[in-house]
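Just protein.txt here, compact mmCIF, C-alpha atoms:
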```txt
# COMPACT_ATOMS: atom_id res chain seq x y z
CA MET Q 26 0.00 0.00 0.00
CA ASN Q 27 2.69 2.50 0.96
CA ALA Q 28 5.38 1.03 -1.28
CA PRO Q 29 7.45 3.69 -3.04
CA ASP Q 30 6.92 4.05 -6.81
CA ARG Q 31 9.23 1.83 -8.83
CA TYR Q 32 10.67 4.72 -10.80
CA GLU Q 33 11.92 6.27 -7.54
CA ARG Q 34 14.83 3.87 -7.78
CA PHE Q 35 16.38 5.46 -10.85
CA VAL Q 36 14.78 8.83 -11.60
CA VAL Q 37 16.46 11.74 -9.86
CA PRO Q 38 13.69 13.95 -8.41
CA GLU Q 39 13.45 17.53 -9.61
CA GLY Q 40 15.58 19.95 -7.65
CA VAL Q 41 17.90 17.23 -6.38
CA LYS Q 42 21.50 17.14 -7.53
CA LYS Q 43 22.86 13.90 -8.97
CA VAL Q 44 26.17 14.33 -7.17
CA SER Q 45 26.79 16.44 -4.10
CA TYR Q 46 30.07 16.94 -2.38
CA GLU Q 47 30.80 17.54 1.25
CA ARG Q 48 34.22 18.13 2.72
CA ASP Q 49 35.20 16.53 5.95
CA THR Q 50 35.36 19.14 8.70
CA LYS Q 51 38.10 17.43 10.70
CA ILE Q 52 40.36 15.74 8.17
CA ILE Q 53 41.99 17.64 5.36
CA ASN Q 54 41.75 16.19 1.87
CA ALA Q 55 38.83 14.03 2.85
CA ALA Q 56 35.31 14.31 1.49
CA THR Q 57 32.07 12.45 0.99
CA PHE Q 58 30.32 12.35 -2.37
CA THR Q 59 26.61 11.60 -2.30
CA VAL Q 60 25.49 10.08 -5.58
CA GLU Q 61 21.73 10.00 -6.02
CA ARG Q 62 19.95 7.08 -7.67
CA GLU Q 63 23.02 4.90 -8.05
CA GLU Q 64 24.02 1.65 -6.37
CA HIS Q 65 26.73 -1.01 -6.35
CA THR Q 66 27.28 -0.92 -10.12
CA ILE Q 67 28.75 2.58 -9.99
CA GLY Q 68 29.86 2.54 -6.36
CA ASN Q 69 32.07 -0.49 -6.65
CA ILE Q 70 33.80 0.37 -9.93
CA LEU Q 71 34.58 3.87 -8.65
CA ARG Q 72 35.91 2.50 -5.37
CA MET Q 73 38.16 -0.05 -7.10
CA GLN Q 74 39.42 2.52 -9.58
CA LEU Q 75 40.22 4.94 -6.74
CA HIS Q 76 42.22 2.20 -5.03
CA ARG Q 77 44.53 2.17 -8.04
CA ASP Q 78 45.39 5.82 -7.42
CA ASP Q 79 48.55 6.14 -5.31
CA ASN Q 80 47.42 9.46 -3.87
CA VAL Q 81 44.23 7.99 -2.49
CA LEU Q 82 44.63 7.01 1.15
CA PHE Q 83 41.06 5.85 1.59
CA ALA Q 84 38.18 5.14 -0.73
CA GLY Q 85 35.00 3.37 0.27
CA TYR Q 86 31.34 3.42 -0.61
CA LYS Q 87 28.14 2.41 1.07
CA LEU Q 88 24.51 1.97 0.20
CA PRO Q 89 23.05 3.24 3.46
CA HIS Q 90 19.65 1.58 3.10
CA PRO Q 91 17.89 -0.36 0.32
CA LEU Q 92 15.08 2.21 0.26
CA GLN Q 93 17.36 5.25 0.24
CA TYR Q 94 18.29 5.26 -3.39
CA LYS Q 95 21.74 6.76 -3.09
CA ILE Q 96 25.32 5.84 -2.35
CA LEU Q 97 27.92 7.60 -0.24
CA LEU Q 98 31.46 7.56 -1.55
CA ARG Q 99 34.16 8.65 0.85
CA ILE Q 100 37.64 9.61 -0.33
CA GLN Q 101 40.75 10.74 1.49
CA THR Q 102 43.86 11.65 -0.45
CA THR Q 103 47.39 12.81 0.22
CA SER Q 104 48.18 16.51 -0.05
CA GLN Q 105 49.46 15.84 -3.62
CA SER Q 106 45.86 15.42 -4.73
CA SER Q 107 42.33 16.20 -3.58
CA PRO Q 108 39.19 14.08 -3.31
CA MET Q 109 37.65 15.96 -6.20
CA GLN Q 110 40.68 15.47 -8.41
CA ALA Q 111 40.84 11.77 -7.56
CA TYR Q 112 37.13 11.40 -8.24
CA ASN Q 113 37.36 13.07 -11.63
CA GLN Q 114 40.45 11.08 -12.51
CA ALA Q 115 38.71 7.81 -11.62
CA ILE Q 116 35.75 8.63 -13.84
CA ASN Q 117 37.98 9.64 -16.74
CA ASP Q 118 40.05 6.47 -16.46
CA LEU Q 119 36.99 4.25 -16.27
CA ASP Q 120 35.48 6.03 -19.23
CA LYS Q 121 38.61 5.44 -21.28
CA GLU Q 122 38.73 1.83 -20.14
CA LEU Q 123 35.18 1.29 -21.37
CA ASP Q 124 36.02 2.97 -24.68
CA HIS Q 125 38.90 0.58 -25.05
CA LEU Q 126 36.67 -2.35 -24.09
CA LYS Q 127 34.13 -1.36 -26.69
CA ASN Q 128 36.76 -1.17 -29.44
CA GLN Q 129 38.20 -4.50 -28.40
CA PHE Q 130 34.79 -6.11 -28.45
CA GLU Q 131 33.84 -4.68 -31.82
CA GLY Q 132 37.17 -5.78 -33.27
CA GLU Q 133 36.75 -9.30 -31.94
CA LEU Q 134 33.18 -9.43 -33.20
CA ALA Q 135 34.22 -8.40 -36.70
CA LYS Q 136 36.97 -11.02 -36.65
CA HIS Q 137 34.50 -13.62 -35.47
CA SER Q 138 31.83 -12.90 -38.05
CA ARG Q 139 34.44 -13.03 -40.84
CA GLU Q 140 35.50 -16.51 -39.79
CA TYR Q 141 32.01 -17.94 -40.21
CA MET X 28 46.80 20.13 -12.56
CA GLU X 29 46.37 16.81 -14.26
CA GLY X 30 46.81 13.58 -12.38
CA VAL X 31 48.53 10.52 -13.75
CA SER X 32 46.28 8.06 -15.51
CA TYR X 33 45.61 4.71 -13.92
CA GLN X 34 43.71 3.41 -16.89
CA ARG X 35 43.70 -0.29 -17.74
CA PHE X 36 43.54 -1.88 -21.16
CA PRO X 37 41.35 -4.95 -20.87
CA ARG X 38 41.40 -7.64 -23.54
CA ILE X 39 38.44 -9.56 -24.90
CA LYS X 40 38.40 -12.87 -26.72
CA ILE X 41 35.15 -14.09 -28.16
CA ARG X 42 34.77 -17.84 -28.12
CA GLU X 43 31.30 -18.32 -29.50
CA VAL X 44 28.48 -16.16 -30.85
CA LYS X 45 25.19 -17.78 -31.73
CA GLY X 46 22.41 -15.19 -31.95
CA ASP X 47 20.91 -15.22 -28.48
CA TYR X 48 23.94 -16.87 -26.95
CA MET X 49 27.57 -15.96 -26.59
CA LYS X 50 30.67 -16.81 -24.59
CA PHE X 51 33.74 -14.61 -24.21
CA GLU X 52 36.84 -14.08 -22.10
CA LEU X 53 37.55 -10.78 -20.38
CA ARG X 54 41.10 -10.23 -19.17
CA ASP X 55 43.31 -7.58 -17.57
CA THR X 56 40.60 -5.92 -15.52
CA ASP X 57 39.09 -6.59 -12.11
CA ALA X 58 35.92 -8.14 -10.76
CA SER X 59 34.28 -4.73 -10.26
CA ILE X 60 34.18 -4.10 -14.02
CA ALA X 61 33.05 -7.65 -14.78
CA ASN X 62 30.31 -7.40 -12.19
CA ALA X 63 29.23 -3.93 -13.31
CA LEU X 64 28.84 -5.26 -16.85
CA ARG X 65 26.84 -8.23 -15.61
CA ARG X 66 24.57 -6.05 -13.48
CA VAL X 67 23.98 -3.58 -16.30
CA MET X 68 23.16 -6.36 -18.78
CA ILE X 69 20.59 -7.82 -16.42
CA ALA X 70 18.89 -4.70 -15.13
CA GLU X 71 19.79 -1.56 -17.04
CA VAL X 72 19.95 -2.21 -20.76
CA PRO X 73 16.66 -0.90 -22.16
CA THR X 74 14.21 -2.99 -24.14
CA ILE X 75 10.64 -2.52 -25.32
CA ALA X 76 7.72 -4.27 -23.64
CA ILE X 77 3.97 -3.88 -23.47
CA ASP X 78 3.18 -1.49 -20.63
CA LEU X 79 -0.43 -0.40 -21.11
CA VAL X 80 -3.39 -2.48 -22.23
CA GLU X 81 -6.88 -1.27 -23.08
CA ILE X 82 -9.26 -4.19 -23.25
CA GLU X 83 -12.27 -3.79 -25.50
CA VAL X 84 -13.78 -7.26 -25.26
CA ASN X 85 -12.61 -10.14 -23.15
CA SER X 86 -14.85 -13.16 -22.86
CA SER X 87 -11.96 -15.57 -22.35
CA VAL X 88 -11.47 -17.57 -19.17
CA LEU X 89 -8.60 -15.37 -18.03
CA ASN X 90 -9.34 -12.01 -16.44
CA ASP X 91 -8.17 -8.70 -17.92
CA GLU X 92 -5.24 -8.06 -15.62
CA PHE X 93 -3.99 -11.62 -15.99
CA ILE X 94 -3.90 -11.23 -19.77
CA SER X 95 -2.29 -7.78 -19.48
CA HIS X 96 0.44 -9.25 -17.31
CA ARG X 97 1.05 -12.04 -19.82
CA LEU X 98 1.25 -9.52 -22.66
CA GLY X 99 3.84 -7.51 -20.73
CA LEU X 100 6.11 -10.53 -20.43
CA ILE X 101 6.27 -11.21 -24.19
CA PRO X 102 9.74 -10.28 -25.49
CA LEU X 103 9.62 -7.75 -28.35
CA THR X 104 12.47 -7.12 -30.77
CA SER X 105 14.24 -4.12 -29.23
CA GLU X 106 17.08 -3.07 -31.54
CA ARG X 107 15.37 0.33 -31.58
CA ALA X 108 15.29 0.67 -27.81
CA MET X 109 18.68 2.36 -27.37
CA SER X 110 17.69 5.25 -29.65
CA MET X 111 14.11 5.48 -28.42
CA ARG X 112 12.93 7.88 -25.73
CA PHE X 113 11.65 6.95 -22.32
CA SER X 114 8.04 8.12 -22.25
CA ARG X 115 8.77 10.00 -19.02
CA ASP X 116 11.29 12.26 -20.81
CA CYS X 117 9.35 12.50 -24.04
CA ASP X 118 8.24 16.06 -24.76
CA ALA X 119 6.46 15.25 -28.02
CA CYS X 120 3.45 13.78 -26.32
CA ASP X 121 3.00 15.72 -23.05
CA GLY X 122 4.03 12.70 -21.08
CA ASP X 123 1.00 10.57 -21.92
CA GLY X 124 3.45 8.19 -23.57
CA GLN X 125 1.56 7.57 -26.78
CA CYS X 126 3.62 9.12 -29.55
CA GLU X 127 5.82 7.49 -32.16
CA TYR X 128 9.06 8.57 -30.42
CA CYS X 129 8.38 6.72 -27.21
CA SER X 130 5.77 4.04 -27.88
CA VAL X 131 4.58 1.34 -30.25
CA GLU X 132 0.96 0.38 -30.62
CA PHE X 133 -0.32 -3.19 -30.85
CA TYR X 134 -3.75 -4.58 -31.68
CA LEU X 135 -5.11 -8.00 -30.93
CA ARG X 136 -8.47 -9.08 -32.36
CA VAL X 137 -9.30 -12.76 -32.12
CA LYS X 138 -12.57 -14.66 -31.97
CA CYS X 139 -13.05 -18.39 -31.90
CA LEU X 140 -15.71 -19.53 -34.36
CA SER X 141 -15.05 -23.28 -34.50
CA ASP X 142 -15.46 -26.16 -32.08
CA GLN X 143 -11.69 -26.52 -32.00
CA THR X 144 -9.92 -24.67 -29.16
CA LEU X 145 -8.19 -21.60 -30.56
CA ASP X 146 -4.75 -20.64 -29.29
CA VAL X 147 -4.17 -16.90 -29.12
CA THR X 148 -0.42 -16.39 -29.45
CA SER X 149 2.11 -13.59 -29.70
CA LYS X 150 1.85 -13.97 -33.49
CA ASP X 151 -1.70 -12.58 -33.35
CA LEU X 152 -0.37 -9.25 -32.06
CA LEU X 153 -0.37 -6.68 -34.85
CA SER X 154 2.31 -4.04 -34.47
CA SER X 155 2.22 -0.47 -35.75
CA ASP X 156 5.99 -0.63 -36.25
CA HIS X 157 7.56 -3.48 -38.22
CA THR X 158 10.84 -3.11 -36.30
CA VAL X 159 9.13 -3.84 -32.99
CA VAL X 160 7.38 -7.20 -33.14
CA PRO X 161 7.10 -10.22 -30.82
CA VAL X 162 10.29 -12.26 -30.94
CA ASP X 163 10.11 -15.11 -33.42
CA TYR X 164 11.38 -18.33 -31.88
CA SER X 165 10.67 -20.50 -34.92
CA ASP X 166 14.34 -20.39 -35.82
CA ALA X 167 15.52 -23.59 -37.49
CA SER X 168 18.44 -24.03 -35.11
CA SER X 169 16.32 -23.89 -31.96
CA GLY X 170 15.48 -27.58 -32.05
CA PHE X 171 11.74 -27.05 -31.73
CA ASP X 172 9.43 -28.49 -34.30
CA ASN X 173 8.90 -25.60 -36.69
CA SER X 174 5.49 -26.62 -37.96
CA THR X 175 3.93 -26.57 -34.49
CA ASN X 176 5.73 -23.49 -33.20
CA LYS X 177 3.30 -20.61 -33.36
CA GLY X 178 4.71 -18.16 -30.85
CA ILE X 179 3.94 -17.64 -27.19
CA ILE X 180 0.44 -18.65 -26.12
CA ILE X 181 -1.43 -15.82 -24.44
CA VAL X 182 -4.81 -17.49 -23.84
CA LYS X 183 -6.96 -20.28 -25.28
CA LEU X 184 -10.47 -19.58 -26.56
CA ARG X 185 -13.41 -21.93 -27.00
CA ARG X 186 -16.31 -21.43 -29.41
CA GLY X 187 -17.84 -17.98 -29.14
CA GLN X 188 -15.17 -16.47 -26.91
CA GLU X 189 -13.46 -13.30 -28.06
CA LEU X 190 -10.50 -11.14 -27.16
CA ARG X 191 -10.11 -7.62 -28.51
CA LEU X 192 -7.59 -5.15 -27.15
CA ARG X 193 -5.14 -2.34 -27.82
CA ALA X 194 -1.71 -2.37 -26.18
CA ILE X 195 1.01 0.25 -25.88
CA ALA X 196 4.62 -0.92 -25.68
CA ARG X 197 7.21 1.38 -24.15
CA LYS X 198 10.91 1.53 -23.57
CA GLY X 199 11.99 0.58 -20.07
CA ILE X 200 14.67 -1.04 -17.95
CA ALA X 201 14.52 -4.12 -15.75
CA LYS X 202 15.20 -2.05 -12.64
CA ASP X 203 11.65 -0.83 -13.14
CA HIS X 204 10.09 -4.20 -13.98
CA ALA X 205 11.73 -7.52 -14.86
CA LYS X 206 9.70 -7.73 -18.08
CA TRP X 207 12.15 -5.21 -19.55
CA SER X 208 15.17 -7.41 -18.95
CA PRO X 209 16.93 -8.40 -22.18
CA ALA X 210 18.93 -11.05 -20.32
CA ALA X 211 17.91 -14.63 -19.77
CA THR X 212 21.19 -15.43 -18.01
CA VAL X 213 24.40 -13.49 -17.66
CA THR X 214 27.15 -15.12 -15.64
CA PHE X 215 30.87 -14.83 -15.28
CA MET X 216 33.36 -17.15 -13.62
CA TYR X 217 36.94 -16.63 -12.56
CA GLU X 218 39.34 -18.57 -14.71
CA PRO X 219 40.99 -21.19 -12.48
CA ASP X 220 44.75 -21.62 -12.33
CA ILE X 221 45.43 -25.30 -11.63
CA TYR X 222 48.86 -26.41 -10.51
CA ILE X 223 49.84 -30.08 -10.16
CA ASN X 224 52.95 -30.89 -8.17
CA GLU X 225 54.49 -33.43 -10.57
CA ASP X 226 57.15 -34.70 -8.13
CA MET X 227 54.55 -35.45 -5.51
CA MET X 228 52.24 -36.97 -8.13
CA GLU X 229 54.99 -39.45 -9.07
CA THR X 230 54.73 -41.01 -5.60
CA LEU X 231 51.10 -42.01 -6.19
CA THR X 232 50.08 -45.43 -7.44
CA LEU X 233 47.87 -45.65 -10.52
CA GLU X 234 44.97 -46.69 -8.30
CA GLU X 235 45.44 -43.56 -6.15
CA LYS X 236 45.63 -41.38 -9.24
CA ARG X 237 42.34 -42.80 -10.49
CA GLU X 238 40.73 -42.11 -7.12
CA LEU X 239 42.02 -38.57 -7.17
CA VAL X 240 40.72 -37.95 -10.70
CA ASP X 241 37.33 -39.41 -9.79
CA SER X 242 37.04 -37.33 -6.62
CA SER X 243 36.13 -34.25 -8.66
CA PRO X 244 32.38 -34.07 -9.29
CA THR X 245 33.04 -32.47 -12.68
CA LYS X 246 35.54 -33.77 -15.19
CA VAL X 247 38.50 -31.48 -14.52
CA PHE X 248 41.32 -34.04 -14.46
CA GLY X 249 42.19 -37.09 -16.51
CA ILE X 250 44.95 -39.66 -16.89
CA ASP X 251 47.04 -39.63 -20.06
CA PRO X 252 48.48 -42.75 -21.77
CA GLU X 253 51.67 -42.41 -19.73
CA ASN X 254 49.59 -42.66 -16.55
CA LYS X 255 50.18 -39.06 -15.62
CA VAL X 256 47.44 -36.95 -14.09
CA ILE X 257 46.64 -34.06 -16.41
CA VAL X 258 44.17 -31.19 -16.45
CA VAL X 259 41.53 -31.99 -19.06
CA ASP X 260 39.18 -29.04 -18.67
CA PRO X 261 40.10 -26.34 -16.13
CA GLU X 262 36.80 -24.53 -16.69
CA ALA X 263 34.79 -27.52 -15.57
CA TYR X 264 36.07 -26.79 -12.06
CA THR X 265 33.29 -25.40 -9.91
CA TYR X 266 35.47 -24.29 -6.97
CA ASP X 267 34.04 -27.16 -4.94
CA ASP X 268 37.41 -28.00 -3.24
CA GLU X 269 36.67 -31.74 -3.54
CA VAL X 270 40.02 -32.68 -5.11
CA LEU X 271 41.85 -30.52 -2.59
CA LYS X 272 40.08 -32.33 0.25
CA LYS X 273 40.99 -35.63 -1.40
CA CYS X 274 44.69 -34.64 -1.53
CA GLU X 275 44.46 -33.70 2.11
CA ALA X 276 42.83 -37.05 2.96
CA MET X 277 45.56 -38.91 1.09
CA GLY X 278 48.09 -37.17 3.30
CA LYS X 279 49.46 -35.14 0.38
CA PRO X 280 48.53 -31.49 0.93
CA GLY X 281 49.85 -29.28 -1.85
CA LEU X 282 49.64 -32.07 -4.42
CA ILE X 283 47.18 -29.93 -6.35
CA GLU X 284 46.75 -26.20 -5.94
CA ILE X 285 43.92 -24.24 -7.49
CA HIS X 286 43.63 -20.47 -7.47
CA ALA X 287 41.14 -18.18 -9.14
CA LYS X 288 42.87 -15.70 -11.45
CA GLU X 289 41.83 -12.29 -10.17
CA ASP X 290 41.91 -10.58 -13.55
CA SER X 291 40.45 -13.14 -15.91
CA PHE X 292 36.77 -13.87 -16.41
CA ILE X 293 34.71 -16.12 -18.62
CA PHE X 294 31.33 -14.65 -19.48
CA THR X 295 28.26 -16.50 -20.64
CA VAL X 296 25.47 -14.31 -22.02
CA GLU X 297 22.04 -15.50 -23.07
CA THR X 298 19.27 -13.12 -24.10
CA THR X 299 15.51 -13.39 -24.32
CA GLY X 300 15.74 -12.67 -28.04
CA ALA X 301 14.88 -8.99 -27.63
CA VAL X 302 18.41 -8.14 -28.80
CA LYS X 303 21.28 -10.32 -30.00
CA ALA X 304 23.75 -11.39 -27.32
CA SER X 305 26.62 -9.47 -28.94
CA GLN X 306 24.45 -6.36 -29.14
CA LEU X 307 23.52 -6.75 -25.46
CA VAL X 308 27.17 -6.59 -24.42
CA LEU X 309 27.77 -3.50 -26.58
CA ASN X 310 24.65 -1.83 -25.22
CA ALA X 311 25.75 -2.65 -21.67
CA ILE X 312 29.11 -0.94 -22.24
CA GLU X 313 27.30 2.06 -23.67
CA VAL X 314 24.83 2.25 -20.76
CA LEU X 315 27.65 1.98 -18.24
CA LYS X 316 29.46 4.83 -19.99
CA GLN X 317 26.32 6.96 -19.84
CA LYS X 318 25.95 6.19 -16.15
CA LEU X 319 29.54 7.22 -15.48
CA ASP X 320 29.02 10.40 -17.44
CA ALA X 321 25.97 11.19 -15.32
CA VAL X 322 27.96 11.02 -12.08
CA ARG X 323 30.53 13.57 -13.18
CA LEU X 324 30.66 16.58 -10.89
CA SER X 325 28.64 19.48 -12.17
CA ASP X 326 30.30 22.89 -12.54
CA ASP X 327 28.28 24.54 -9.80
CA THR X 328 29.38 21.90 -7.30
CA VAL X 329 33.01 22.59 -8.15
CA GLU X 330 32.45 26.35 -7.92
CA ALA X 331 30.77 26.08 -4.53
CA ASP X 332 33.75 24.14 -3.27
CA ASP X 333 36.26 26.63 -4.63
CA GLN X 334 34.62 29.36 -2.56
CA PHE X 335 34.58 27.04 0.40
CA GLY X 336 38.26 26.37 -0.20
CA GLU X 337 39.13 30.07 -0.04
CA LEU X 338 37.06 30.46 3.08
CA GLY X 339 38.75 27.43 4.59
CA ALA X 340 42.18 28.76 3.74
CA HIS X 341 41.22 32.10 5.25
CA MET X 342 40.01 30.46 8.44
CA ARG X 343 43.17 28.43 8.71
CA GLY X 344 45.04 31.71 8.46
CA GLY X 345 46.39 31.06 4.97
```

Kindly return the structure encoded in the file as structure tokens.
Amino acid sequence: MNAPDRYERFVVPEGVKKVSYERDTKIINAATFTVEREEHTIGNILRMQLHRDDNVLFAGYKLPHPLQYKILLRIQTTSQSSPMQAYNQAINDLDKELDHLKNQFEGELAKHSREY
Amino acid sequence: MEGVSYQRFPRIKIREVKGDYMKFELRDTDASIANALRRVMIAEVPTIAIDLVEIEVNSSVLNDEFISHRLGLIPLTSERAMSMRFSRDCDACDGDGQCEYCSVEFYLRVKCLSDQTLDVTSKDLLSSDHTVVPVDYSDASSGFDNSTNKGIIIVKLRRGQELRLRAIARKGIAKDHAKWSPAATVTFMYEPDIYINEDMMETLTLEEKRELVDSSPTKVFGIDPENKVIVVDPEAYTYDDEVLKKCEAMGKPGLIEIHAKEDSFIFTVETTGAVKASQLVLNAIEVLKQKLDAVRLSDDTVEADDQFGELGAHMRGG
């Protein structure tokens, strides 16, 4: 009866920002990114990509509750970088990785269809 | 300032493509990417499915909502789905979701006039768009008898019963409702790395070797003509640990070691027929890219932080 609408899971409501950023008040170079209407798919790839960054001291994400359709991504970096820089870098790298993946796949597919 | 790139260059090797089915290897990346691809294929690649049904006449034995539900579950060919609009962001039709950019109309008009039971199937659905039609499973390679395959049965009618309706199909994703899922199964497994300690294996009798080979529930190991234990099919291994336990029980721990390679995955993709398996993977990559693009920081967020940064520096006495 009081179940939330299904679209609530993936449609960002009007007036709500997809990504918001909040600095940590006690630790320098630490911040929490709140990503609306995303879950493990995005959270986990961002976290793992951030772990590859040598300037990232901490990166973790959580899905606070199954009915709160958002994830919290927390990043702490060294003074060489900043959470925002690390975050942008992670997205850029993942984007390029997927571009590469797409080209690889298309190449393989063309090769495969030629063989048969 | 620009940071150093930590980008990876994954490799793909396709083993088999067969319309709705494909198998490929993904290497030089981690489980997060493999799992993201799997999750996107299952729940976020859009397809087209019947979403609204207006029933004109229904004198069949099934009630209206039951038939509507069955109609929704029929896979429709969805090559168009990626370029179509979601009816919620369609501005051509004031959000009522009934224009050509975001919907496809179907009609079904069937009446049984004979004493023979009449099967109403997905083939009786008449589409307003020839690119969006119920998936045809009468493919010669499917193994079904072609002459009897007439599509998916919706309802059966006896003499005098009639079903007349109009249905609207829309673009959607399986996160909304599972009827929009293009995937029948999508799985990946870690490629196993199997190591046999040959020196230790030498100390076993042929009888013991046979026992060891037979201890695996799947056929992973075999014995070659020279009576040596060899790996026949590493991918048959289900990570059940049975052979390892057997080694242990024989008092020979370390005789066989099996590790999952952390950066090598074997994918199996099967679709409902809404899109081809190879297209599903490509669409999944595209959807994942769009999702990543959507989580980029917006300019006003960055600006707000810059001001905050100055304020912070000021407060710290900088």

Specify the axis-aligned box that encloses all atoms of range 42-58 of chain Q listed in the file after padding of 4 Å on each side, stating its centre and edge lengths in Å to one decimal as AutoDock Vina command-line options.
```
--center_x 31.7 --center_y 15.7 --center_z 0.9 --size_x 28.5 --size_y 14.8 --size_z 27.7
```

Residues within 12 Å of Leu97 in chain Q, only C-alpha atoms, excluding chain neighbours under 3 positions, as number ranges by chain: Q: 43-47, 56-65, 67-69, 71-72, 84-90, 93-94, 100

Neighbours of chain X in chain Q at 8 Å, counting all atoms listed in the file, as an MDAnalysis selection string: chainID Q and resid 31:32 34:35 43:46 60 65:67 69:70 73:74 77:78 106 110:111 113:116 118:123 125:127 129:130 133:134 137

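The space between CA of Leu89 in chain X and CA of Glu132 in chain X spans 22.3 Å.
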
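The coordinates place CA of Arg136 in chain X at 23.5 Å from CA of Ser105 in chain X.
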
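Counting all atoms listed in the file and comparing X:Phe93, X:Tyr48, X:Tyr264, X:Phe113, the residue that lies closest to Tyr128 in chain X is X:Phe113.
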
Length of the CA of Ala263 in chain X to CA of Asn224 in chain X vector [Å]: 19.9 Å

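The smallest atom-to-atom distance between Arg48 in chain Q and any of Q:Asn27, Q:Phe83, Q:Met109, Q:Lys95, using only C-alpha atoms, is found for Q:Met109.
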
Excluding range 217-222 of chain X and any residue of its chain fewer than 6 positions from it, enumerate the residues within 6 Å of it, using only C-alpha atoms, and give them as a short mmCIF file (atom, residue, chain, number, x, y, z; two decimals) with C-alpha atoms, in the frame of the given file.
```cif
data_model
loop_
_atom_site.label_atom_id
_atom_site.label_comp_id
_atom_site.auth_asym_id
_atom_site.auth_seq_id
_atom_site.Cartn_x
_atom_site.Cartn_y
_atom_site.Cartn_z
CA ILE X 283 47.18 -29.93 -6.35
CA GLU X 284 46.75 -26.20 -5.94
CA ILE X 285 43.92 -24.24 -7.49
CA HIS X 286 43.63 -20.47 -7.47
CA ALA X 287 41.14 -18.18 -9.14
CA LYS X 288 42.87 -15.70 -11.45
CA SER X 291 40.45 -13.14 -15.91
CA PHE X 292 36.77 -13.87 -16.41
#
```

Interface rows for range 188-300 of chain X against range 177-183 of chain X: nearest pair, Å to one decimal, 10 Å, all atoms listed in the file, as a tab-separated table:
```
residue	atom	partner	partner_atom	distance
X:Gln188	CA	X:Lys183	CA	9.2
X:Glu189	CA	X:Lys183	CA	9.9
X:Leu190	CA	X:Val182	CA	9.1
```

Enumerate, as a short mmCIF file (atom, residue, chain, number, x, y, z; two decimals) with C-alpha atoms, in the frame of the given file, the protein, DNA and RNA residues whose atoms approach (50.5, -31.0, -3.8) to within 10 Å, taking into account only C-alpha atoms and the coordinate frame of the file.
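The resulting out_37.cif:
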```
data_model
loop_
_atom_site.label_atom_id
_atom_site.label_comp_id
_atom_site.auth_asym_id
_atom_site.auth_seq_id
_atom_site.Cartn_x
_atom_site.Cartn_y
_atom_site.Cartn_z
CA TYR X 222 48.86 -26.41 -10.51
CA ILE X 223 49.84 -30.08 -10.16
CA ASN X 224 52.95 -30.89 -8.17
CA GLU X 225 54.49 -33.43 -10.57
CA ASP X 226 57.15 -34.70 -8.13
CA MET X 227 54.55 -35.45 -5.51
CA MET X 228 52.24 -36.97 -8.13
CA LEU X 271 41.85 -30.52 -2.59
CA CYS X 274 44.69 -34.64 -1.53
CA GLU X 275 44.46 -33.70 2.11
CA GLY X 278 48.09 -37.17 3.30
CA LYS X 279 49.46 -35.14 0.38
CA PRO X 280 48.53 -31.49 0.93
CA GLY X 281 49.85 -29.28 -1.85
CA LEU X 282 49.64 -32.07 -4.42
CA ILE X 283 47.18 -29.93 -6.35
CA GLU X 284 46.75 -26.20 -5.94
#
```

Any chance you could export range 239-248 of chain X with N, CA and C atoms, as a PDB file, in the first residue's frame?
```pdb
ATOM      1  N   LEU X 239      41.894 -40.026  -7.228  1.00  0.00           N
ATOM      2  CA  LEU X 239      42.025 -38.570  -7.175  1.00  0.00           C
ATOM      3  C   LEU X 239      41.238 -37.928  -8.321  1.00  0.00           C
ATOM      4  N   VAL X 240      41.414 -38.480  -9.526  1.00  0.00           N
ATOM      5  CA  VAL X 240      40.724 -37.950 -10.702  1.00  0.00           C
ATOM      6  C   VAL X 240      39.212 -38.068 -10.528  1.00  0.00           C
ATOM      7  N   ASP X 241      38.771 -39.184  -9.954  1.00  0.00           N
ATOM      8  CA  ASP X 241      37.331 -39.405  -9.790  1.00  0.00           C
ATOM      9  C   ASP X 241      36.738 -38.614  -8.626  1.00  0.00           C
ATOM     10  N   SER X 242      37.584 -38.057  -7.776  1.00  0.00           N
ATOM     11  CA  SER X 242      37.044 -37.334  -6.618  1.00  0.00           C
ATOM     12  C   SER X 242      36.410 -36.008  -7.028  1.00  0.00           C
ATOM     13  N   SER X 243      36.752 -35.500  -8.206  1.00  0.00           N
ATOM     14  CA  SER X 243      36.134 -34.245  -8.659  1.00  0.00           C
ATOM     15  C   SER X 243      34.759 -34.536  -9.244  1.00  0.00           C
ATOM     16  N   PRO X 244      33.730 -33.818  -8.774  1.00  0.00           N
ATOM     17  CA  PRO X 244      32.376 -34.066  -9.293  1.00  0.00           C
ATOM     18  C   PRO X 244      32.226 -33.700 -10.770  1.00  0.00           C
ATOM     19  N   THR X 245      33.054 -32.780 -11.247  1.00  0.00           N
ATOM     20  CA  THR X 245      33.041 -32.468 -12.681  1.00  0.00           C
ATOM     21  C   THR X 245      34.354 -32.962 -13.276  1.00  0.00           C
ATOM     22  N   LYS X 246      34.361 -33.172 -14.570  1.00  0.00           N
ATOM     23  CA  LYS X 246      35.543 -33.773 -15.185  1.00  0.00           C
ATOM     24  C   LYS X 246      36.621 -32.728 -15.446  1.00  0.00           C
ATOM     25  N   VAL X 247      37.429 -32.464 -14.414  1.00  0.00           N
ATOM     26  CA  VAL X 247      38.499 -31.478 -14.520  1.00  0.00           C
ATOM     27  C   VAL X 247      39.811 -32.168 -14.880  1.00  0.00           C
ATOM     28  N   PHE X 248      40.052 -33.324 -14.269  1.00  0.00           N
ATOM     29  CA  PHE X 248      41.322 -34.037 -14.459  1.00  0.00           C
ATOM     30  C   PHE X 248      41.120 -35.311 -15.262  1.00  0.00           C
TER      31      PHE X 248
END
```
